[in-house]
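Novice: Okay, so here is upload.pdb, and as you'll see once you scroll down, it has PDB, C-alpha atoms and all ligand atoms.
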```pdb
ATOM      1  CA  MET L1223     -21.064  18.761   0.578
ATOM      2  CA  GLU L1224     -17.569  18.658   2.055
ATOM      3  CA  ASN L1225     -15.624  15.431   1.623
ATOM      4  CA  THR L1226     -13.562  13.864   4.410
ATOM      5  CA  LEU L1227     -10.228  14.449   2.697
ATOM      6  CA  ASP L1228     -10.832  17.831   1.079
ATOM      7  CA  GLY L1229      -7.591  19.826   1.029
ATOM      8  CA  LYS L1230      -5.421  16.805   1.861
ATOM      9  CA  VAL L1231      -2.550  15.497  -0.261
ATOM     10  CA  ALA L1232      -1.866  11.758  -0.540
ATOM     11  CA  LEU L1233       1.017   9.761  -1.977
ATOM     12  CA  VAL L1234       0.293   6.143  -2.924
ATOM     13  CA  THR L1235       3.182   3.922  -3.988
ATOM     14  CA  GLY L1236       2.322   1.370  -6.667
ATOM     15  CA  GLY L1237      -0.892   3.203  -7.493
ATOM     16  CA  GLY L1238      -1.057   2.358 -11.183
ATOM     17  CA  ARG L1239      -3.125  -0.796 -10.873
ATOM     18  CA  GLY L1240      -4.484  -3.298  -8.389
ATOM     19  CA  ILE L1241      -4.974  -2.304  -4.757
ATOM     20  CA  GLY L1242      -2.903   0.880  -5.093
ATOM     21  CA  ALA L1243      -5.054   2.143  -7.971
ATOM     22  CA  ALA L1244      -8.224   1.472  -5.959
ATOM     23  CA  VAL L1245      -6.713   3.348  -3.008
ATOM     24  CA  ALA L1246      -5.725   6.300  -5.226
ATOM     25  CA  LEU L1247      -9.215   6.475  -6.741
ATOM     26  CA  ARG L1248     -10.920   6.211  -3.349
ATOM     27  CA  LEU L1249      -8.764   8.846  -1.647
ATOM     28  CA  ALA L1250      -9.368  11.162  -4.612
ATOM     29  CA  ARG L1251     -13.115  10.522  -4.357
ATOM     30  CA  GLU L1252     -12.915  11.587  -0.705
ATOM     31  CA  GLY L1253     -11.347  14.865  -1.838
ATOM     32  CA  ALA L1254      -7.581  14.306  -1.617
ATOM     33  CA  ALA L1255      -5.147  15.379  -4.319
ATOM     34  CA  VAL L1256      -3.221  12.191  -5.136
ATOM     35  CA  ALA L1257       0.291  11.434  -6.357
ATOM     36  CA  LEU L1258       0.803   7.824  -7.320
ATOM     37  CA  THR L1259       3.963   5.977  -8.200
ATOM     38  CA  PHE L1260       4.446   3.154 -10.652
ATOM     39  CA  GLN L1261       7.427   1.155 -11.826
ATOM     40  CA  ARG L1262       6.843   0.084 -15.439
ATOM     41  CA  ASP L1263       3.274   0.442 -16.637
ATOM     42  CA  GLU L1264       2.925   4.133 -17.465
ATOM     43  CA  VAL L1265      -0.215   3.585 -19.532
ATOM     44  CA  ARG L1266      -2.129   2.106 -16.605
ATOM     45  CA  ALA L1267      -0.868   4.749 -14.185
ATOM     46  CA  ASP L1268      -1.876   7.533 -16.585
ATOM     47  CA  GLN L1269      -5.311   5.958 -16.878
ATOM     48  CA  VAL L1270      -5.784   6.191 -13.095
ATOM     49  CA  VAL L1271      -4.761   9.859 -13.276
ATOM     50  CA  ARG L1272      -7.271  10.458 -16.078
ATOM     51  CA  ASP L1273     -10.035   8.644 -14.167
ATOM     52  CA  ILE L1274      -9.402  10.844 -11.132
ATOM     53  CA  ALA L1275      -9.362  13.996 -13.281
ATOM     54  CA  ALA L1276     -12.566  12.939 -15.042
ATOM     55  CA  ALA L1277     -14.252  12.687 -11.653
ATOM     56  CA  GLY L1278     -13.122  16.234 -10.856
ATOM     57  CA  GLY L1279     -10.035  15.338  -8.799
ATOM     58  CA  ARG L1280      -6.342  16.163  -9.037
ATOM     59  CA  ALA L1281      -3.664  13.504  -9.567
ATOM     60  CA  VAL L1282      -0.194  12.917 -10.959
ATOM     61  CA  ALA L1283       1.705   9.718 -11.722
ATOM     62  CA  VAL L1284       5.437   9.466 -11.115
ATOM     63  CA  ARG L1285       7.713   6.645 -12.253
ATOM     64  CA  VAL L1286       9.707   5.620  -9.176
ATOM     65  CA  ASP L1287      11.179   2.229  -8.425
ATOM     66  CA  SER L1288      10.537   1.696  -4.711
ATOM     67  CA  ALA L1289      13.750  -0.353  -4.614
ATOM     68  CA  ASP L1290      15.672   2.899  -5.203
ATOM     69  CA  PRO L1291      15.638   4.765  -1.872
ATOM     70  CA  ILE L1292      17.177   7.946  -3.264
ATOM     71  CA  ALA L1293      14.585   8.216  -6.023
ATOM     72  CA  LEU L1294      11.805   7.415  -3.568
ATOM     73  CA  VAL L1295      12.813  10.118  -1.098
ATOM     74  CA  ALA L1296      13.199  12.595  -3.976
ATOM     75  CA  ALA L1297       9.659  11.728  -5.108
ATOM     76  CA  VAL L1298       8.233  12.279  -1.620
ATOM     77  CA  ASP L1299       9.981  15.646  -1.403
ATOM     78  CA  ARG L1300       8.843  16.650  -4.899
ATOM     79  CA  VAL L1301       5.214  15.762  -4.215
ATOM     80  CA  ALA L1302       5.242  17.751  -0.968
ATOM     81  CA  ALA L1303       6.819  20.719  -2.774
ATOM     82  CA  GLU L1304       4.526  20.642  -5.809
ATOM     83  CA  PHE L1305       1.302  20.084  -3.867
ATOM     84  CA  GLY L1306       2.386  22.331  -0.997
ATOM     85  CA  ARG L1307       1.887  19.701   1.721
ATOM     86  CA  LEU L1308       1.728  15.970   2.396
ATOM     87  CA  ASP L1309      -0.915  14.452   4.654
ATOM     88  CA  ILE L1310      -1.256  10.791   3.731
ATOM     89  CA  LEU L1311       1.361   8.223   2.705
ATOM     90  CA  VAL L1312       0.212   4.785   1.586
ATOM     91  CA  ASN L1313       3.114   2.343   1.286
ATOM     92  CA  ASN L1314       1.514  -0.122  -1.106
ATOM     93  CA  ALA L1315       4.054  -1.186  -3.772
ATOM     94  CA  GLY L1316       5.155  -4.731  -3.059
ATOM     95  CA  ALA L1317       7.509  -7.420  -4.352
ATOM     96  CA  PHE L1318       5.976 -10.904  -4.454
ATOM     97  CA  LEU L1319       8.857 -13.296  -5.041
ATOM     98  CA  LEU L1320       8.034 -16.890  -4.156
ATOM     99  CA  GLY L1321       9.991 -20.118  -4.325
ATOM    100  CA  PRO L1322      11.389 -23.059  -2.387
ATOM    101  CA  LEU L1323      13.914 -22.086   0.288
ATOM    102  CA  GLU L1324      16.816 -23.804  -1.476
ATOM    103  CA  GLU L1325      16.162 -21.904  -4.693
ATOM    104  CA  LEU L1326      15.654 -18.368  -3.412
ATOM    105  CA  SER L1327      18.599 -16.127  -4.284
ATOM    106  CA  LEU L1328      20.255 -13.329  -2.384
ATOM    107  CA  ALA L1329      19.155 -11.003  -5.172
ATOM    108  CA  GLN L1330      15.535 -12.001  -4.527
ATOM    109  CA  PHE L1331      16.055 -11.491  -0.803
ATOM    110  CA  ASP L1332      17.507  -8.028  -1.401
ATOM    111  CA  GLN L1333      14.754  -7.047  -3.850
ATOM    112  CA  THR L1334      12.015  -8.189  -1.454
ATOM    113  CA  VAL L1335      13.481  -6.350   1.504
ATOM    114  CA  ALA L1336      14.236  -3.250  -0.596
ATOM    115  CA  VAL L1337      10.671  -2.887  -1.884
ATOM    116  CA  ASN L1338       8.599  -4.300   0.992
ATOM    117  CA  VAL L1339      10.588  -3.092   4.007
ATOM    118  CA  ARG L1340      13.202  -0.452   3.164
ATOM    119  CA  ALA L1341      10.881   1.540   0.897
ATOM    120  CA  PRO L1342       8.120   1.931   3.539
ATOM    121  CA  PHE L1343      10.832   2.927   6.023
ATOM    122  CA  VAL L1344      12.500   5.579   3.860
ATOM    123  CA  ALA L1345       9.224   6.910   2.439
ATOM    124  CA  SER L1346       7.805   7.228   5.977
ATOM    125  CA  GLN L1347      10.988   8.944   7.116
ATOM    126  CA  ALA L1348      10.790  11.427   4.238
ATOM    127  CA  ALA L1349       7.028  11.934   4.561
ATOM    128  CA  ALA L1350       7.193  12.527   8.310
ATOM    129  CA  ARG L1351       9.424  15.544   7.658
ATOM    130  CA  HIS L1352       6.566  17.123   5.706
ATOM    131  CA  MET L1353       3.556  15.993   7.729
ATOM    132  CA  ALA L1354       1.681  18.209  10.149
ATOM    133  CA  ALA L1355      -0.662  17.076  12.924
ATOM    134  CA  GLY L1356      -3.341  14.850  11.416
ATOM    135  CA  GLY L1357      -0.853  13.092   9.119
ATOM    136  CA  ARG L1358      -1.441   9.466   8.217
ATOM    137  CA  ILE L1359       0.946   6.678   7.266
ATOM    138  CA  ILE L1360      -0.745   3.497   6.091
ATOM    139  CA  ASN L1361       1.296   0.433   5.238
ATOM    140  CA  ILE L1362      -0.093  -2.342   3.082
ATOM    141  CA  GLY L1363       1.030  -5.689   4.456
ATOM    142  CA  SER L1364      -0.469  -9.103   3.898
ATOM    143  CA  ASN L1365      -2.323 -11.936   5.587
ATOM    144  CA  ALA L1366       0.908 -13.854   4.843
ATOM    145  CA  ALA L1367       2.443 -12.019   7.820
ATOM    146  CA  GLU L1368       0.226 -14.024  10.137
ATOM    147  CA  ARG L1369      -0.573 -17.323   8.413
ATOM    148  CA  ALA L1370       1.811 -19.437   6.346
ATOM    149  CA  VAL L1371      -0.565 -21.712   4.493
ATOM    150  CA  PHE L1372       1.572 -22.415   1.411
ATOM    151  CA  PRO L1373       5.259 -23.275   1.084
ATOM    152  CA  GLY L1374       7.449 -20.865  -0.859
ATOM    153  CA  PHE L1375       6.543 -17.697   1.033
ATOM    154  CA  ALA L1376       9.720 -17.253   3.121
ATOM    155  CA  LEU L1377      10.765 -13.893   1.661
ATOM    156  CA  TYR L1378       7.308 -12.438   1.230
ATOM    157  CA  SER L1379       6.165 -13.449   4.728
ATOM    158  CA  LEU L1380       9.263 -12.179   6.491
ATOM    159  CA  SER L1381       9.027  -8.853   4.697
ATOM    160  CA  LYS L1382       5.348  -8.345   5.500
ATOM    161  CA  THR L1383       5.880  -9.353   9.133
ATOM    162  CA  ALA L1384       8.521  -6.615   9.385
ATOM    163  CA  LEU L1385       5.779  -4.066   8.671
ATOM    164  CA  ILE L1386       4.030  -4.986  11.921
ATOM    165  CA  GLY L1387       7.104  -3.876  13.868
ATOM    166  CA  LEU L1388       7.630  -0.783  11.731
ATOM    167  CA  THR L1389       3.990   0.233  12.118
ATOM    168  CA  LYS L1390       4.001  -0.137  15.897
ATOM    169  CA  ALA L1391       7.340   1.622  16.362
ATOM    170  CA  LEU L1392       6.379   4.551  14.142
ATOM    171  CA  GLY L1393       2.922   4.737  15.703
ATOM    172  CA  ARG L1394       4.585   5.168  19.090
ATOM    173  CA  GLU L1395       7.153   7.653  17.802
ATOM    174  CA  LEU L1396       4.873   9.873  15.723
ATOM    175  CA  GLY L1397       1.895   9.787  18.108
ATOM    176  CA  PRO L1398       2.986  12.917  19.992
ATOM    177  CA  ARG L1399       2.822  14.771  16.660
ATOM    178  CA  ALA L1400      -0.758  13.498  16.065
ATOM    179  CA  ILE L1401       0.409  11.447  13.091
ATOM    180  CA  THR L1402      -1.071   7.950  13.009
ATOM    181  CA  VAL L1403       0.625   4.900  11.516
ATOM    182  CA  ASN L1404      -1.354   1.768  10.705
ATOM    183  CA  LEU L1405      -1.088  -1.466   8.786
ATOM    184  CA  VAL L1406      -3.768  -2.830   6.490
ATOM    185  CA  ASN L1407      -3.309  -6.533   5.831
ATOM    186  CA  PRO L1408      -5.245  -7.628   2.780
ATOM    187  CA  GLY L1409      -6.191 -11.225   2.230
ATOM    188  CA  PRO L1410      -6.690 -12.646  -1.251
ATOM    189  CA  THR L1411      -7.550  -9.672  -3.425
ATOM    190  CA  ASP L1412      -8.420  -9.895  -7.096
ATOM    191  CA  THR L1413      -5.469  -8.235  -8.875
ATOM    192  CA  GLU L1414      -2.900  -9.328 -11.438
ATOM    193  CA  LEU L1415      -0.676 -10.371  -8.544
ATOM    194  CA  ASN L1416      -3.318 -12.830  -7.302
ATOM    195  CA  PRO L1417      -6.223 -13.231  -9.746
ATOM    196  CA  ALA L1418      -9.528 -14.522  -8.366
ATOM    197  CA  ASP L1419      -9.634 -17.003 -11.259
ATOM    198  CA  GLY L1420      -6.021 -18.163 -10.758
ATOM    199  CA  PRO L1421      -5.008 -21.824 -10.397
ATOM    200  CA  ASN L1422      -5.010 -21.755  -6.552
ATOM    201  CA  ALA L1423      -8.107 -19.603  -6.153
ATOM    202  CA  ALA L1424     -10.443 -22.385  -4.996
ATOM    203  CA  VAL L1425      -8.003 -23.488  -2.288
ATOM    204  CA  ILE L1426      -7.407 -19.880  -1.235
ATOM    205  CA  ASN L1427     -11.152 -19.227  -1.035
ATOM    206  CA  GLY L1428     -11.411 -22.203   1.285
ATOM    207  CA  PHE L1429      -9.064 -20.526   3.777
ATOM    208  CA  THR L1430     -11.352 -17.499   4.068
ATOM    209  CA  ALA L1431     -14.535 -17.373   6.132
ATOM    210  CA  LEU L1432     -16.404 -15.463   3.450
ATOM    211  CA  GLY L1433     -15.458 -17.911   0.718
ATOM    212  CA  HIS L1434     -14.304 -15.430  -1.886
ATOM    213  CA  TYR L1435     -11.634 -12.907  -2.857
ATOM    214  CA  ALA L1436     -11.774  -9.220  -1.981
ATOM    215  CA  GLU L1437     -12.097  -6.563  -4.623
ATOM    216  CA  PRO L1438      -9.307  -3.954  -4.474
ATOM    217  CA  ALA L1439     -11.997  -1.434  -3.439
ATOM    218  CA  ASP L1440     -12.593  -3.440  -0.230
ATOM    219  CA  VAL L1441      -9.003  -2.781   0.823
ATOM    220  CA  ALA L1442      -9.258   0.847  -0.301
ATOM    221  CA  ALA L1443     -12.292   1.348   1.947
ATOM    222  CA  ALA L1444     -10.258   0.434   5.033
ATOM    223  CA  VAL L1445      -7.410   2.708   3.931
ATOM    224  CA  ALA L1446      -9.844   5.589   3.385
ATOM    225  CA  PHE L1447     -11.321   5.083   6.839
ATOM    226  CA  LEU L1448      -7.900   5.173   8.498
ATOM    227  CA  ALA L1449      -6.940   8.215   6.394
ATOM    228  CA  GLY L1450     -10.045  10.171   7.383
ATOM    229  CA  GLY L1451     -11.152  11.832  10.592
ATOM    230  CA  GLY L1452     -12.646   8.559  11.845
ATOM    231  CA  GLY L1453      -9.132   7.154  12.097
ATOM    232  CA  ARG L1454      -7.721   9.851  14.378
ATOM    233  CA  TYR L1455      -7.499   7.612  17.469
ATOM    234  CA  ILE L1456      -6.274   4.452  15.730
ATOM    235  CA  THR L1457      -2.518   4.022  15.604
ATOM    236  CA  GLY L1458      -0.047   1.150  15.552
ATOM    237  CA  ALA L1459      -2.935  -1.134  14.598
ATOM    238  CA  THR L1460      -3.233  -3.926  12.106
ATOM    239  CA  VAL L1461      -6.515  -4.002  10.225
ATOM    240  CA  ASN L1462      -7.177  -7.326   8.515
ATOM    241  CA  VAL L1463      -9.177  -7.017   5.307
ATOM    242  CA  ASP L1464      -8.973 -10.701   4.584
ATOM    243  CA  GLY L1465     -12.457 -12.203   4.622
ATOM    244  CA  GLY L1466     -11.531 -14.119   7.756
ATOM    245  CA  PHE L1467      -8.404 -15.749   6.297
ATOM    246  CA  THR L1468      -6.506 -15.215   9.567
ATOM    247  CA  ILE L1469      -9.273 -16.120  12.019
TER
HETATM  248  N1  LIG S   1      -3.498  -9.096  -4.311
HETATM  249  C1  LIG S   1      -3.443  -9.765  -3.162
HETATM  250  O1  LIG S   1      -4.049 -10.849  -3.005
HETATM  251  C2  LIG S   1      -2.657  -9.208  -2.006
HETATM  252  C3  LIG S   1      -2.799  -9.847  -0.763
HETATM  253  C4  LIG S   1      -2.107  -9.365   0.339
HETATM  254  C5  LIG S   1      -1.285  -8.256   0.198
HETATM  255  N2  LIG S   1      -1.141  -7.665  -1.025
HETATM  256  C6  LIG S   1      -0.253  -6.491  -1.097
HETATM  257  O2  LIG S   1      -0.935  -5.388  -1.659
HETATM  258  C7  LIG S   1      -0.013  -4.545  -2.365
HETATM  259  C8  LIG S   1      -0.513  -4.329  -3.786
HETATM  260  O3  LIG S   1      -0.671  -5.590  -4.417
HETATM  261  P1  LIG S   1      -1.495  -5.766  -5.770
HETATM  262  O4  LIG S   1      -2.121  -7.110  -5.699
HETATM  263  O5  LIG S   1      -2.339  -4.576  -6.014
HETATM  264  O6  LIG S   1      -0.296  -5.802  -6.827
HETATM  265  P2  LIG S   1      -0.295  -5.581  -8.420
HETATM  266  O7  LIG S   1      -1.654  -5.757  -8.976
HETATM  267  O8  LIG S   1       0.816  -6.422  -8.893
HETATM  268  O9  LIG S   1       0.075  -4.002  -8.580
HETATM  269  C9  LIG S   1       1.311  -3.591  -8.102
HETATM  270  C10 LIG S   1       1.468  -2.092  -8.290
HETATM  271  O10 LIG S   1       2.685  -1.747  -7.602
HETATM  272  C11 LIG S   1       3.622  -1.235  -8.533
HETATM  273  N3  LIG S   1       4.950  -1.689  -8.193
HETATM  274  C12 LIG S   1       5.403  -2.961  -8.073
HETATM  275  N4  LIG S   1       6.705  -2.973  -7.757
HETATM  276  C13 LIG S   1       7.078  -1.672  -7.670
HETATM  277  C14 LIG S   1       8.292  -1.012  -7.397
HETATM  278  N5  LIG S   1       9.426  -1.700  -7.153
HETATM  279  N6  LIG S   1       8.311   0.334  -7.407
HETATM  280  C15 LIG S   1       7.196   1.050  -7.662
HETATM  281  N7  LIG S   1       6.019   0.478  -7.931
HETATM  282  C16 LIG S   1       5.966  -0.851  -7.938
HETATM  283  C17 LIG S   1       3.181  -1.707  -9.896
HETATM  284  O11 LIG S   1       3.678  -0.820 -10.878
HETATM  285  P3  LIG S   1       3.664  -1.200 -12.470
HETATM  286  O12 LIG S   1       2.213  -1.207 -12.862
HETATM  287  O13 LIG S   1       4.426  -0.110 -13.091
HETATM  288  O14 LIG S   1       4.291  -2.555 -12.588
HETATM  289  C18 LIG S   1       1.657  -1.675  -9.718
HETATM  290  O15 LIG S   1       1.170  -0.346  -9.863
HETATM  291  C19 LIG S   1       1.347  -5.261  -2.300
HETATM  292  O16 LIG S   1       2.098  -4.727  -1.247
HETATM  293  C20 LIG S   1       0.965  -6.705  -1.998
HETATM  294  O17 LIG S   1       1.996  -7.397  -1.332
HETATM  295  C21 LIG S   1      -1.818  -8.109  -2.123
END
```
Translate this structure into structure tokens?
Ligand SMILES: NC(=O)c1ccc[n+]([C@@H]2O[C@H](COP(=O)([O-])OP(=O)(O)OC[C@H]3O[C@@H](n4cnc5c(N)ncnc54)[C@H](OP(=O)(O)O)[C@@H]3O)[C@@H](O)[C@H]2O)c1
Specialist:
Amino acid sequence: MENTLDGKVALVTGGGRGIGAAVALRLAREGAAVALTFQRDEVRADQVVRDIAAAGGRAVAVRVDSADPIALVAAVDRVAAEFGRLDILVNNAGAFLLGPLEELSLAQFDQTVAVNVRAPFVASQAAARHMAAGGRIINIGSNAAERAVFPGFALYSLSKTALIGLTKALGRELGPRAITVNLVNPGPTDTELNPADGPNAAVINGFTALGHYAEPADVAAAVAFLAGGGGRYITGATVNVDGGFTI
């Protein structure tokens, strides 16, 4: 049986663990060849590659710091050259630097904006040069773009809110080329960044309607839908996968 993404090539930033790994595995299961980036943890990234290969898919892991725009663009170009095309870009890698306003540094500001805002911009710019009609750009934002329920989120929230504007502007601009651009905003999702058994988990669960964290695969399911044929008429949209956190 033919899979939805057979013949497609996907690049997932921060695909070595957490949500990005679930996205990489899901897109591969749907038939895409997948390149994933990681920053430090090569062992985990290689494990995702092996899991995809064991299931009969094709994947590579590339160490690229999303804060380095030159390296990121080079990685996009290399993936498109080595795989022969690029159909799907998932801008997932994220910086999660929290703290009281008075204590946040300019270095933390720059790092947050570099990884969460500049990297999706430059990777989209590079990817769009390679994409044909049917291309997909999917940004991973956060429920923190819409609801500020805890103090300390100034940098993270501002960076994720920027993705709403980027997604809409690129959706408008790339629409005539039949490339869609969408934003998936996860809510609390059980990863090392935000473990479901962490100290604030009970309070966080209380903000959701469903009363519990998402699994990374829940977010990956929405990404896979947008990446597939079913997503062809959805662009510039924000899809909340947040258990009702932002209701
Ligand atoms: N978990 C949640 O509750 C939640 C909620 C809303 C939104 N999000 C968003 O979802 C995305 C993924 O979060 P997650 O929870 O899956 O995070 P995670 O478990 O911490 O995994 C992060 C992944 O991104 C990679 N990464 C981090 N910084 C990078 C950089 N500068 N360059 C390249 N790769 C980098 C990491 O690589 P290494 O393994 O090499 O370190 C890792 O593969 C982020 O954008 C986050 O803001 C998460």
Novice: Would you list the contacts of region 1246-1251 of chain L as a VMD selection string, taking every protein, DNA or RNA residue within 7 Å and counting all atoms listed in the file, but skipping same-chain residues closer than 6 positions in sequence?
Specialist: chain L and resid 1234 1237 1274 1279 1442 1446
Novice: Kindly save the residues from that selection, with C-alpha atoms included, as a PDB file, in the coordinates of the input.
Specialist:
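Once everything was written out, this is part.pdb:
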```pdb
ATOM      1  CA  VAL L1234       0.293   6.143  -2.924  1.00  0.00           C
ATOM      2  CA  GLY L1237      -0.892   3.203  -7.493  1.00  0.00           C
ATOM      3  CA  ILE L1274      -9.402  10.844 -11.132  1.00  0.00           C
ATOM      4  CA  GLY L1279     -10.035  15.338  -8.799  1.00  0.00           C
ATOM      5  CA  ALA L1442      -9.258   0.847  -0.301  1.00  0.00           C
ATOM      6  CA  ALA L1446      -9.844   5.589   3.385  1.00  0.00           C
TER       7      ALA L1446
END
```
Novice: Could you give me, as a PyMOL selection string, every polymer residue with an atom at most 7 Å away from an atom of ligand LIG 1 (chain S), counting all atoms listed in the file?
Specialist: chain L and resi 1235-1243+1259-1264+1266-1267+1286-1289+1314-1318+1337-1338+1362-1365+1407-1416
Novice: Have a look at CA of Asp1273 (chain L) and CA of Val1406 (chain L) and let me know their distance in Å, one decimal.
Specialist: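 Between CA of Asp1273 (chain L) and CA of Val1406 (chain L) the gap is 24.4 Å.
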Novice: What would the selection look like, as an MDAnalysis selection string, if the PyMOL selection byres (((chain L and resi 1378) around 12) and not hetatm) were run on the coordinates I just shared?
Specialist: chainID L and resid 1316:1323 1326 1330:1339 1363:1370 1372:1377 1379:1385
Novice: Would you list the contacts of Thr1457 (chain L) as a list in words, taking every protein, DNA or RNA residue within 10 Å and counting all atoms listed in the file, but skipping same-chain residues closer than 5 positions in sequence?
Specialist: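 With the cut-off at 10 Å, the set is Arg1358, Ile1359, Ile1360, Thr1389, Lys1390, Leu1392, Gly1393, Arg1394, Leu1396, Gly1397, Ala1400, Ile1401, Thr1402, Val1403, Asn1404, Leu1405 and Leu1448 of chain L.
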Novice: Which distance in Å separates CA of Leu1258 (chain L) and CA of Asn1225 (chain L), to one decimal?
Specialist: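 So the two atoms, CA of Leu1258 (chain L) and CA of Asn1225 (chain L), lie 20.2 Å apart.
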Novice: L:Ala1449, L:Pro1438, L:Ala1431, L:Gly1229: which is nearest Ile1310 (chain L), counting all atoms listed in the file?
Specialist: L:Ala1449
Novice: What does the distance from CA of His1434 (chain L) to CA of Asn1361 (chain L) come to in Å, to one decimal?
Specialist: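 A separation of 23.4 Å between them.
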Novice: Go through L:Val1298, L:Ile1426, L:Ala1341, L:Ala1355 and flag the residue nearest Gly1451 (chain L), using only C-alpha atoms for the distances.
Specialist: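 That would be L:Ala1355, the residue with the smallest distance to Gly1451 (chain L).
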Novice: Using the chain letters and numbers from the file, which residues does the PyMOL selection byres (((chain L and resi 1465-1468) around 6) and not hetatm) grab, as an NGL selection string?
Specialist: :L and (1429-1432 or 1464 or 1469)
Novice: Nearest to Val1270 (chain L): which of L:Glu1252, L:Leu1388, L:Ala1244, L:Leu1233 is it, counting only C-alpha atoms?
Specialist: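 Using only C-alpha atoms, the shortest distance to Val1270 (chain L) belongs to L:Ala1244.
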Novice: Pick from L:Val1463, L:Ala1391, L:Ala1303, L:Val1371: nearest to Asn1422 (chain L), with only C-alpha atoms counted?
Specialist: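 Closest residue, counting only C-alpha atoms: L:Val1371.
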Novice: Select, from L:Ala1277, L:Val1295, L:Val1445, L:Val1284, the residue with the minimum atom-to-atom distance to Val1265 (chain L), counting only C-alpha atoms.
Specialist: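 Residue with the minimum atom-to-atom distance to Val1265 (chain L): L:Val1284.
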Novice: Listed atoms of region 1345-1354 of chain L, axis-aligned box, 8 Å per side: centre and edge lengths to one decimal in Å, as lines of an AutoDock Vina configuration file?
Specialist:
```
center_x = 6.3
center_y = 12.6
center_z = 6.3
size_x = 25.3
size_y = 27.3
size_z = 23.7
```
Novice: Hey, can you pull every residue with an atom no more than 6 Å from (-7.9, 17.8, -0.4), using all atoms listed in the file, and send it as a ChimeraX atom specification?
Specialist: /L:1227-1231,1253-1255
Novice: Taking only C-alpha atoms into account, name the residue in L:Ile1456, L:Ala1329, L:Val1256, L:Val1245 that is nearest to Val1301 (chain L).
Specialist: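 Using only C-alpha atoms, Val1301 (chain L) sits closest to L:Val1256.
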